Each structure stands twice: as structure tokens, then as C-alpha cells.
>>> print(open('model_6.cif').read())   # mmCIF, C-alpha atoms
data_model
loop_
_atom_site.label_atom_id
_atom_site.label_comp_id
_atom_site.auth_asym_id
_atom_site.auth_seq_id
_atom_site.Cartn_x
_atom_site.Cartn_y
_atom_site.Cartn_z
CA MET R 63 0.00 0.00 0.00
CA LYS R 64 2.84 2.38 0.85
CA VAL R 65 4.47 1.67 -2.51
CA ILE R 66 1.23 2.40 -4.41
CA LYS R 67 0.78 5.64 -2.47
CA ALA R 68 4.38 6.65 -3.15
CA ILE R 69 3.93 6.02 -6.90
CA TYR R 70 0.63 7.92 -6.88
CA ASN R 71 2.20 10.89 -5.09
CA PHE R 72 5.22 10.81 -7.41
CA ILE R 73 3.20 10.77 -10.64
CA VAL R 74 0.22 12.95 -9.86
CA GLY R 75 -0.74 13.26 -6.17
CA ASP R 76 -4.15 14.65 -7.08
CA MET R 77 -7.25 12.47 -7.34
CA VAL R 78 -9.24 14.94 -9.46
CA ILE R 79 -6.51 15.13 -12.13
CA LEU R 80 -6.03 11.35 -12.07
CA ILE R 81 -9.75 10.61 -12.48
CA GLY R 82 -10.14 13.30 -15.17
CA VAL R 83 -7.25 12.02 -17.29
CA MET R 84 -8.20 8.35 -16.82
CA LEU R 85 -11.80 9.10 -17.84
CA ALA R 86 -10.56 10.90 -20.96
CA VAL R 87 -8.26 7.97 -21.83
CA THR R 88 -11.12 5.48 -21.33
CA VAL R 89 -13.48 7.47 -23.56
CA LEU R 90 -10.79 7.79 -26.27
CA ALA R 91 -10.06 4.05 -26.07
CA LEU R 92 -13.78 3.27 -26.45
CA VAL R 93 -14.19 5.64 -29.40
CA ASN R 94 -11.09 4.14 -31.01
CA ASN R 95 -12.03 0.48 -30.53
CA ILE R 96 -15.83 0.24 -30.78
CA SER R 97 -16.96 0.45 -34.37
CA ALA R 98 -20.37 1.88 -33.45
CA LEU R 99 -18.57 4.90 -31.96
CA ALA R 100 -16.31 5.37 -35.02
CA PRO R 101 -18.23 8.48 -36.27
CA LEU R 102 -17.09 10.26 -33.07
CA LYS R 103 -13.41 9.78 -33.91
CA GLY R 104 -13.22 13.23 -35.49
CA PHE R 105 -14.08 14.80 -32.12
CA SER R 106 -11.34 12.95 -30.20
CA GLY R 107 -8.85 15.85 -30.37
CA PRO R 108 -11.23 18.62 -29.16
CA PHE R 109 -12.64 16.21 -26.55
CA LEU R 110 -9.16 15.55 -25.15
CA VAL R 111 -8.32 19.26 -24.88
CA ILE R 112 -11.68 19.99 -23.20
CA ALA R 113 -11.19 17.07 -20.79
CA VAL R 114 -7.73 18.38 -19.81
CA LEU R 115 -9.08 21.90 -19.22
CA ALA R 116 -12.05 20.54 -17.26
CA SER R 117 -9.75 18.46 -15.01
CA LEU R 118 -7.54 21.50 -14.35
CA THR R 119 -10.53 23.72 -13.57
CA ALA R 120 -12.08 21.07 -11.31
CA THR R 121 -8.92 20.53 -9.24
CA LEU R 122 -8.30 24.28 -8.89
CA SER R 123 -11.92 24.87 -7.84
CA ARG R 124 -11.57 22.17 -5.22
CA GLU R 125 -8.43 23.85 -3.86
CA ALA R 126 -9.99 27.33 -3.91
CA PHE R 127 -13.18 26.33 -2.08
CA SER R 128 -11.62 23.71 0.17
CA SER R 129 -12.42 24.19 3.88
CA ARG R 130 -8.96 22.85 4.78
CA ARG R 131 -7.23 25.92 3.35
CA MET I 194 24.30 11.46 -50.98
CA GLN I 195 20.57 11.91 -51.57
CA TRP I 196 20.01 15.62 -50.84
CA VAL I 197 16.21 15.44 -51.06
CA VAL I 198 16.10 12.60 -48.51
CA ALA I 199 18.69 14.29 -46.27
CA THR I 200 16.79 17.62 -46.30
CA ALA I 201 13.42 15.97 -45.62
CA ALA I 202 14.95 13.92 -42.76
CA PHE I 203 16.69 17.07 -41.44
CA LEU I 204 13.44 19.04 -41.26
CA ALA I 205 11.33 16.21 -39.82
CA SER I 206 14.01 15.25 -37.27
CA ALA I 207 14.59 18.88 -36.25
CA VAL I 208 10.96 19.08 -35.09
CA GLU I 209 11.38 15.90 -33.00
CA PHE I 210 14.73 17.02 -31.55
CA VAL I 211 13.29 20.42 -30.61
CA GLU I 212 10.44 18.65 -28.76
CA ALA I 213 12.83 16.38 -26.85
CA PHE I 214 15.35 19.12 -26.19
CA THR I 215 12.69 21.50 -24.85
CA ILE I 216 11.86 19.01 -22.10
CA VAL I 217 15.52 18.21 -21.33
CA LEU I 218 16.20 21.95 -21.14
CA VAL I 219 13.35 22.75 -18.76
CA VAL I 220 14.20 19.74 -16.58
CA GLY I 221 17.83 20.92 -16.53
CA VAL I 222 16.91 24.46 -15.52
CA THR I 223 14.11 23.64 -13.04
CA VAL I 224 15.25 20.33 -11.50
CA ASN I 225 18.97 19.96 -12.20
CA TRP I 226 21.27 19.30 -15.15
CA ARG I 227 22.64 16.08 -13.70
CA SER I 228 19.23 14.34 -13.73
CA ALA I 229 18.27 15.85 -17.10
CA LEU I 230 21.48 14.76 -18.84
CA LEU I 231 21.52 11.32 -17.18
CA GLY I 232 17.94 10.76 -18.38
CA ALA I 233 18.83 11.87 -21.91
CA LEU I 234 21.96 9.67 -21.96
CA ALA I 235 20.03 6.63 -20.64
CA ALA I 236 17.41 7.16 -23.36
CA ALA I 237 20.12 7.48 -26.01
CA ALA I 238 21.67 4.21 -24.79
CA THR I 239 18.27 2.45 -24.87
CA LEU I 240 17.72 3.78 -28.38
CA ALA I 241 21.16 2.62 -29.51
CA ILE I 242 20.43 -0.88 -28.19
CA LEU I 243 17.02 -0.95 -29.91
CA VAL I 244 18.41 0.26 -33.24
CA ALA I 245 21.43 -2.05 -33.07
CA THR I 246 19.37 -5.16 -32.28
CA LEU I 247 16.28 -4.52 -34.41
CA GLY I 248 17.77 -2.45 -37.26
CA THR I 249 15.20 -1.64 -39.94
CA ALA I 250 12.76 -4.11 -38.31
CA LEU I 251 12.32 -1.46 -35.59
CA VAL I 252 9.50 0.06 -37.63
CA GLN I 253 7.53 -3.21 -37.38
CA TRP I 254 8.42 -4.27 -33.82
CA VAL I 255 8.04 -1.18 -31.66
CA PRO I 256 4.36 -0.27 -31.10
CA ILE I 257 4.81 3.50 -31.40
CA ASP I 258 1.12 4.24 -30.79
CA VAL I 259 1.11 2.33 -27.47
CA LEU I 260 4.30 4.14 -26.48
CA ARG I 261 2.76 7.51 -27.38
CA THR I 262 -0.36 6.71 -25.33
CA VAL I 263 1.58 5.65 -22.22
CA ILE I 264 4.11 8.49 -22.35
CA GLY I 265 1.40 11.02 -23.29
CA THR I 266 -0.73 9.98 -20.29
CA LEU I 267 2.22 10.22 -17.87
CA LEU I 268 3.30 13.60 -19.23
CA LEU I 269 -0.26 14.87 -18.96
CA LEU I 270 -0.45 13.78 -15.30
CA PHE I 271 2.93 15.36 -14.49
CA GLY I 272 2.08 18.49 -16.48
CA LEU I 273 -1.33 19.11 -14.90
CA LYS I 274 0.20 18.70 -11.43
CA TRP I 275 2.89 21.32 -12.17
CA LEU I 276 0.43 23.65 -13.90
CA LYS I 277 -2.02 23.46 -11.00
CA ASN I 278 0.68 24.34 -8.45
CA ALA I 279 2.06 27.19 -10.60
CA ILE I 280 -1.43 28.70 -11.11
CA MET I 281 -2.11 28.43 -7.36
CA ARG I 282 1.15 30.27 -6.63
CA TYR I 283 0.30 33.03 -9.12
CA ALA I 284 -3.18 33.39 -7.58
CA GLY I 285 -1.70 33.57 -4.06
CA LEU I 286 -3.36 30.34 -2.90
CA LYS I 287 0.02 28.75 -2.30
CA ALA I 288 3.36 30.14 -1.07
CA ARG I 289 5.64 30.96 -4.03
CA HIS I 290 8.75 29.29 -2.72
CA ASP I 291 7.34 26.55 -0.53
CA GLU I 292 8.96 23.65 -2.42
CA GLN I 293 12.29 25.44 -2.60
CA ALA I 294 12.08 26.24 1.13
CA ILE I 295 11.29 22.61 2.00
CA TYR I 296 14.12 21.40 -0.25
CA GLU I 297 16.62 23.85 1.25
CA GLU I 298 15.51 22.98 4.79
CA THR I 299 15.86 19.24 4.21
CA ARG I 300 19.19 19.79 2.49
CA ALA I 301 20.47 21.89 5.39
CA GLU I 302 19.40 19.15 7.83
CA LEU I 303 21.13 16.45 5.78
CA ARG I 304 24.23 18.60 5.41
CA ALA I 305 24.30 19.12 9.18
CA ARG I 306 24.18 15.34 9.61
CA GLY I 307 26.93 14.98 6.99
CA GLU I 308 24.69 12.99 4.63
CA VAL I 309 25.02 15.27 1.64
CA GLU I 310 27.86 17.29 0.20
CA ALA I 311 27.18 21.00 -0.17
CA SER I 312 28.40 21.14 -3.74
CA SER I 313 26.79 17.95 -5.17
CA PRO I 314 23.56 18.46 -7.11
CA ARG I 315 21.16 15.73 -5.92
CA PHE I 316 19.89 13.10 -8.35
CA ASP I 317 16.19 13.62 -8.96
CA LEU I 318 14.17 10.62 -10.17
CA PHE I 319 11.35 12.82 -11.46
CA GLY I 320 13.73 14.88 -13.61
CA PHE I 321 15.56 11.77 -14.80
CA LEU I 322 12.35 9.99 -15.88
CA LEU I 323 10.92 13.05 -17.61
CA SER I 324 14.09 13.53 -19.60
CA TYR I 325 14.39 9.78 -20.34
CA LYS I 326 10.81 9.35 -21.59
CA SER I 327 10.88 12.39 -23.82
CA VAL I 328 14.24 11.63 -25.41
CA LEU I 329 13.29 7.95 -25.87
CA LEU I 330 9.98 8.73 -27.58
CA GLU I 331 11.35 11.50 -29.81
CA GLY I 332 14.50 9.50 -30.52
CA LEU I 333 12.36 6.57 -31.64
CA GLU I 334 10.40 8.89 -33.89
CA VAL I 335 13.67 10.13 -35.41
CA ALA I 336 14.75 6.49 -35.92
CA PHE I 337 11.41 5.85 -37.65
CA ILE I 338 11.89 8.93 -39.85
CA VAL I 339 15.42 7.88 -40.84
CA ILE I 340 14.39 4.30 -41.62
CA THR I 341 11.16 5.10 -43.49
CA PHE I 342 12.62 8.05 -45.43
CA GLY I 343 15.75 6.04 -46.21
CA LEU I 344 13.83 2.96 -47.37
CA SER I 345 11.31 4.96 -49.39
CA ALA I 346 14.19 6.66 -51.23
CA ALA I 347 15.60 3.28 -52.28
CA SER I 348 15.00 2.62 -55.96
CA SER I 349 16.68 0.85 -58.85
CA THR I 350 19.49 3.45 -58.86
CA VAL I 351 19.77 4.13 -55.10
CA SER I 352 20.55 1.32 -52.63
CA ARG I 353 18.69 1.00 -49.30
CA SER I 354 21.83 1.65 -47.28
CA SER I 355 22.61 4.81 -49.25
CA GLY I 356 19.08 6.10 -48.65
CA ILE I 357 19.29 5.40 -44.91
CA ALA I 358 22.77 6.96 -44.71
CA SER I 359 21.48 10.18 -46.35
CA ALA I 360 18.49 10.33 -44.02
CA ALA I 361 20.75 9.64 -41.01
CA LEU I 362 23.07 12.50 -42.03
CA GLY I 363 20.08 14.84 -42.28
CA ALA I 364 18.93 13.79 -38.79
CA LEU I 365 22.48 14.23 -37.41
CA GLY I 366 22.61 17.77 -38.83
CA ALA I 367 19.28 18.57 -37.13
CA PHE I 368 20.56 17.14 -33.82
CA LEU I 369 23.72 19.26 -33.88
CA LEU I 370 21.77 22.41 -34.78
CA VAL I 371 19.27 21.90 -31.95
CA ILE I 372 22.07 21.26 -29.41
CA LEU I 373 23.86 24.43 -30.57
CA VAL I 374 20.73 26.60 -30.26
CA GLY I 375 19.95 24.98 -26.89
CA ALA I 376 23.42 25.76 -25.54
CA ILE I 377 22.94 29.42 -26.53
CA VAL I 378 19.52 29.84 -24.86
CA ARG I 379 20.47 27.92 -21.69
CA VAL I 380 22.15 30.85 -19.91
CA PRO I 381 19.40 33.49 -20.34
CA LEU I 382 16.80 30.86 -19.40
CA ALA I 383 18.44 30.32 -15.98
CA LYS I 384 17.65 33.95 -15.05
CA VAL I 385 13.88 33.51 -15.40
CA PRO I 386 12.02 33.44 -12.01
CA GLU I 387 11.43 29.98 -10.52
CA ASN I 388 7.62 29.95 -10.59
CA THR I 389 7.59 31.21 -14.19
CA LEU I 390 9.83 28.32 -15.19
CA LYS I 391 7.65 25.83 -13.34
CA PHE I 392 4.61 27.30 -15.07
CA VAL I 393 6.33 26.95 -18.46
CA VAL I 394 7.24 23.33 -17.63
CA GLY I 395 3.60 22.66 -16.72
CA ILE I 396 2.39 24.20 -20.00
CA MET I 397 5.00 22.25 -22.02
CA LEU I 398 4.31 18.88 -20.37
CA THR I 399 0.54 19.34 -20.65
CA THR I 400 0.89 20.36 -24.31
CA PHE I 401 3.16 17.46 -25.29
CA GLY I 402 1.11 15.05 -23.17
CA THR I 403 -2.12 16.06 -24.91
CA PHE I 404 -0.47 15.92 -28.34
CA TRP I 405 1.12 12.50 -27.90
CA LEU I 406 -1.87 10.98 -26.13
CA GLY I 407 -4.07 12.16 -29.00
CA GLU I 408 -1.64 10.75 -31.58
CA GLY I 409 -1.60 7.45 -29.68
CA PHE I 410 -5.36 7.24 -30.23
CA GLY I 411 -5.06 8.10 -33.91
CA VAL I 412 -6.00 11.78 -33.62
CA GLU I 413 -4.78 13.67 -36.69
CA TRP I 414 -4.07 17.14 -35.37
CA PRO I 415 -4.65 19.96 -37.86
CA LEU I 416 -1.34 21.43 -39.17
CA SER I 417 0.49 18.34 -37.81
CA ASP I 418 3.30 19.23 -35.32
CA ALA I 419 2.56 22.97 -35.70
CA PHE I 420 -0.61 22.30 -33.70
CA LEU I 421 1.64 22.17 -30.62
CA LEU I 422 1.83 25.98 -30.81
CA ILE I 423 -1.97 26.21 -30.87
CA LEU I 424 -2.19 23.88 -27.86
CA ILE I 425 0.34 26.07 -26.01
CA ALA I 426 -1.80 29.13 -26.80
CA ILE I 427 -4.98 27.38 -25.58
CA TYR I 428 -3.38 26.29 -22.29
CA LEU I 429 -1.72 29.69 -21.73
CA GLY I 430 -5.05 31.45 -22.28
CA ALA I 431 -6.92 29.05 -19.99
CA SER I 432 -4.25 29.37 -17.28
CA PHE I 433 -4.45 33.16 -17.44
CA LEU I 434 -8.24 33.10 -17.07
CA LEU I 435 -8.04 30.59 -14.20
CA THR I 436 -5.42 32.70 -12.39
CA VAL I 437 -7.58 35.85 -12.71
CA TRP I 438 -10.65 33.94 -11.47
CA LEU I 439 -8.78 32.42 -8.49
CA LYS I 440 -7.41 35.84 -7.50
CA GLN I 441 -10.98 37.18 -7.42
CA VAL I 442 -12.12 34.17 -5.35
CA LYS I 443 -9.29 34.81 -2.89
CA LYS I 444 -10.17 38.51 -2.60
CA GLN I 445 -13.83 37.67 -1.95
CA GLN I 446 -12.86 35.12 0.70
CA GLN I 447 -10.56 37.64 2.42
CA ALA I 448 -13.28 40.33 2.35
CA GLN I 449 -15.76 37.86 3.82
CA ALA I 450 -13.29 36.90 6.56
CA ILE I 451 -12.76 40.58 7.48
CA GLU I 452 -16.54 41.14 7.56
CA ASN I 453 -17.01 38.17 9.88
CA GLN I 454 -14.19 39.17 12.25
CA PRO I 455 -15.81 42.29 13.87
CA ALA I 456 -19.08 40.40 14.29
CA LEU I 457 -17.22 37.61 16.06
CA ALA I 458 -15.25 40.04 18.21
CA THR I 459 -18.44 41.90 19.22
CA GLY I 460 -20.11 38.64 20.15
CA GLN I 461 -17.13 37.59 22.25
CA SER I 462 -16.92 40.95 24.10
CA LYS I 463 -20.63 40.77 24.93
CA GLU I 464 -20.08 37.37 26.49
CA VAL I 465 -17.15 38.69 28.55
CA MET I 466 -19.28 41.62 29.80
CA ARG I 467 -21.90 39.18 31.10
#
>>> encode(input="model_6.cif", output="C-alpha cells")
Amino acid sequence: MKVIKAIYNFIVGDMVILIGVMLAVTVLALVNNISALAPLKGFSGPFLVIAVLASLTATLSREAFSSRR
Amino acid sequence: MQWVVATAAFLASAVEFVEAFTIVLVVGVTVNWRSALLGALAAAATLAILVATLGTALVQWVPIDVLRTVIGTLLLLFGLKWLKNAIMRYAGLKARHDEQAIYEETRAELRARGEVEASSPRFDLFGFLLSYKSVLLEGLEVAFIVITFGLSAASSTVSRSSGIASAALGALGAFLLVILVGAIVRVPLAKVPENTLKFVVGIMLTTFGTFWLGEGFGVEWPLSDAFLLILIAIYLGASFLLTVWLKQVKKQQQAQAIENQPALATGQSKEVMR
């Protein structure tokens, strides 16, 4: 458990960013591998950029309105 | 010497070398040069082993899209973390030099215990890995360029080895040019304030991470590699807006805290009077 936590802290250390990026990767993988979703492939690029910006905004909002601060 | 092949390889490789060198440079300036150069050297050694053992079969055996996806995801995670901290420092939600202060404090403690030499720059795993991954991925792309350009130039009059040699010379020229330019900009870059550099690193890592992750999933970015500049502009604009917004939030919170203070104080004094 300590090792996993150390790796997590080393790579990202922020659950909001981790979940945001992993969600984006999952959606892109689905769009790329499921033929029924193939028409959405053209939107993969804009989707990725929006997902990155949304993750950044979400984690900063959490920090700004956190009661711990 | 096939000049057309060499020129095409020079231009294509220069773009890849600039991408790799940018990351090595920022790691060198923000983390330390020892970790940045060790990472770059380790990646170069890995590349040399791959090219020596696989040769032209490299194009078939290394899954470049998987590599782009993995490295893109990691860079994105690293980049967003750095960008978030830099924006918070600009907005005043985090102390500007907290990491430096913690580092210096720990270093002073270790020095007092005789565990670290004052003059030795510490090895940083984060810096090493960042430099390693970037150089490995871009180096592989250069190897792909050299092999594919070289092989595609082969015809009835030009042998395969001659085509690859011309492409390799073009790539070598690009490498030397990028190193030369990098050596020139290194000194002025070291004078830039720490948080600005960390912010730039965050923007760079997030940009490259997005770009490579997208490529790994078959995204064809408009304008090809030039889209990196558009991504940089998007992230810079978004960061600026987020910083302005967070500053306003902080001001509002401070104003609210000041408003609440007298009310609290009055309440407390009334209780004392009773």
C-alpha cells in the first residue's frame, strides 16, 4: 500500500486530475475500438483538450473552495 | 548522398529534436542538469540498443502508438500537477517558494548530519524519468523517420543503405543544430524566475502530453506538429483566465473573513461583559 501511495504521489498526487485524465483515456479508447462509436473519432482531439481543461478547472476549484485551506 | 532525402529527414528530425530538447532543457533548468542529462543519456543508450538489435525491423516491432499513449498519459499527469501548483502560486493560494524552502531545509538538515555534500547536485528521479521518456519517444520517432525516409528513397538506382545513410546524415545535422541553439539559450533561461519556469514546464508537459496521447489514439491534429503551438496558446489562455478567477475568489474570501471578524469580536466581548 505504501508503494502504491508513493507512486501515486510521485506521478500525480491529485485524485481529481487522475480521475479526469483516466476518464478521458477510457473514452478515447472506447471511441477508437468500438466500431459503433467510429463516427465520433473526429471529435477525439477537441474532446481531449476539453477534458484536460475541465480536469484542471475542477482541481483548482476544489483547492480554492476547500475548507482545509 | 541523396540531398532530397537528407533535407526531408533534417526538417522532420529537427521538429522531433526540438520537442525532446525542450523538455531536457526545462528539466535541466528547473530540477537539475545532472538528472536531465543522465535521463537523456540513458534514453540514447536504450535507443542505440534498440536500433542495433532490431535495425530496420524497428518500424515493425516497436508499437509506437502504445508508447505515445503511455508516455502522453504520464506527461499529462505530471504536467497538470505542475500547472495546477504554478497557477495556485500566481493566484496567491500557495506560497511561491514553498517547495524550494522545503528542499533547502531538508538539504540543510542532511548537510548538518553529513549525509550530503554541499556542492553535489542531488539526483532527482522525477527529472531523470521526464528527460528519459521524452528523449526515448522522440529519438524513436527520429529512428522511424530515418528508416522510413531512407527505405522509401531506395530505388533501382539508389541502394537501401545509401538512402538510410542520407536520411541519417540529415537527422544528425538537425541534432547538432538543436544542441547548438539549446546551448545558446540555456544561460538566459536560468535567469527567469522559478515559478515562471515551473509554469512553463507545466504548460510544455501538458501540451506534449495532450499531443502525444491524442496521436496514440489516432488523432490527426490539424497542421500536424505545428498544432503544438496552438495547444500552447490554448493552455496559456486558460491558465491566465483561471489565475484571474482564483485571485478574485481569494479577494472575496478575504473580504468575507474581514466582515465576519468584527461580528465575532463583538459577540465575544458581549459574552465577557456578562
>>> atom_distance(input="model_6.cif", atom1="atom CA of I:Gly375", atom2="atom CA of I:Thr400")
19.8 Å
>>> closest_atom_pairs(input="model_6.cif", of="chain I", to="chain R", cutoff="6 Å", atoms="all atoms listed in the file", output="Markdown table")
| residue | atom | partner | partner_atom | distance |
| --- | --- | --- | --- | --- |
| I:Leu270 | CA | R:Val74 | CA | 5.5 |
| I:Phe271 | CA | R:Val74 | CA | 5.9 |
| I:Lys274 | CA | R:Val74 | CA | 6.0 |
| I:Val412 | CA | R:Gly107 | CA | 5.9 |
>>> axis_aligned_box(input="model_6.cif", around="stretch 63-82 of chain R", padding_each_side="8 Å", output="lines of an AutoDock Vina configuration file")
center_x = -2.5
center_y = 7.6
center_z = -7.2
size_x = 31.4
size_y = 31.1
size_z = 32.0
>>> residues_near_point(input="model_6.cif", point="(6.2, 26.5, -32.4)", cutoff="12 Å", atoms="only C-alpha atoms", output="list in words")
Ala207, Val208, Glu209, Val211, Glu212, Thr215, Met397, Thr400, Phe401, Leu416, Ser417, Asp418, Ala419, Phe420, Leu421, Leu422, Ile423, Leu424, Ile425 and Ala426 of chain I
>>> write_last_selection(input="model_6.cif", atoms="C-alpha atoms", output="mmCIF file, in the coordinates of the input")
data_model
loop_
_atom_site.group_PDB
_atom_site.id
_atom_site.type_symbol
_atom_site.label_atom_id
_atom_site.label_comp_id
_atom_site.auth_asym_id
_atom_site.auth_seq_id
_atom_site.Cartn_x
_atom_site.Cartn_y
_atom_site.Cartn_z
ATOM 1 C CA ALA I 207 14.590 18.880 -36.250
ATOM 2 C CA VAL I 208 10.960 19.080 -35.090
ATOM 3 C CA GLU I 209 11.380 15.900 -33.000
ATOM 4 C CA VAL I 211 13.290 20.420 -30.610
ATOM 5 C CA GLU I 212 10.440 18.650 -28.760
ATOM 6 C CA THR I 215 12.690 21.500 -24.850
ATOM 7 C CA MET I 397 5.000 22.250 -22.020
ATOM 8 C CA THR I 400 0.890 20.360 -24.310
ATOM 9 C CA PHE I 401 3.160 17.460 -25.290
ATOM 10 C CA LEU I 416 -1.340 21.430 -39.170
ATOM 11 C CA SER I 417 0.490 18.340 -37.810
ATOM 12 C CA ASP I 418 3.300 19.230 -35.320
ATOM 13 C CA ALA I 419 2.560 22.970 -35.700
ATOM 14 C CA PHE I 420 -0.610 22.300 -33.700
ATOM 15 C CA LEU I 421 1.640 22.170 -30.620
ATOM 16 C CA LEU I 422 1.830 25.980 -30.810
ATOM 17 C CA ILE I 423 -1.970 26.210 -30.870
ATOM 18 C CA LEU I 424 -2.190 23.880 -27.860
ATOM 19 C CA ILE I 425 0.340 26.070 -26.010
ATOM 20 C CA ALA I 426 -1.800 29.130 -26.800
#
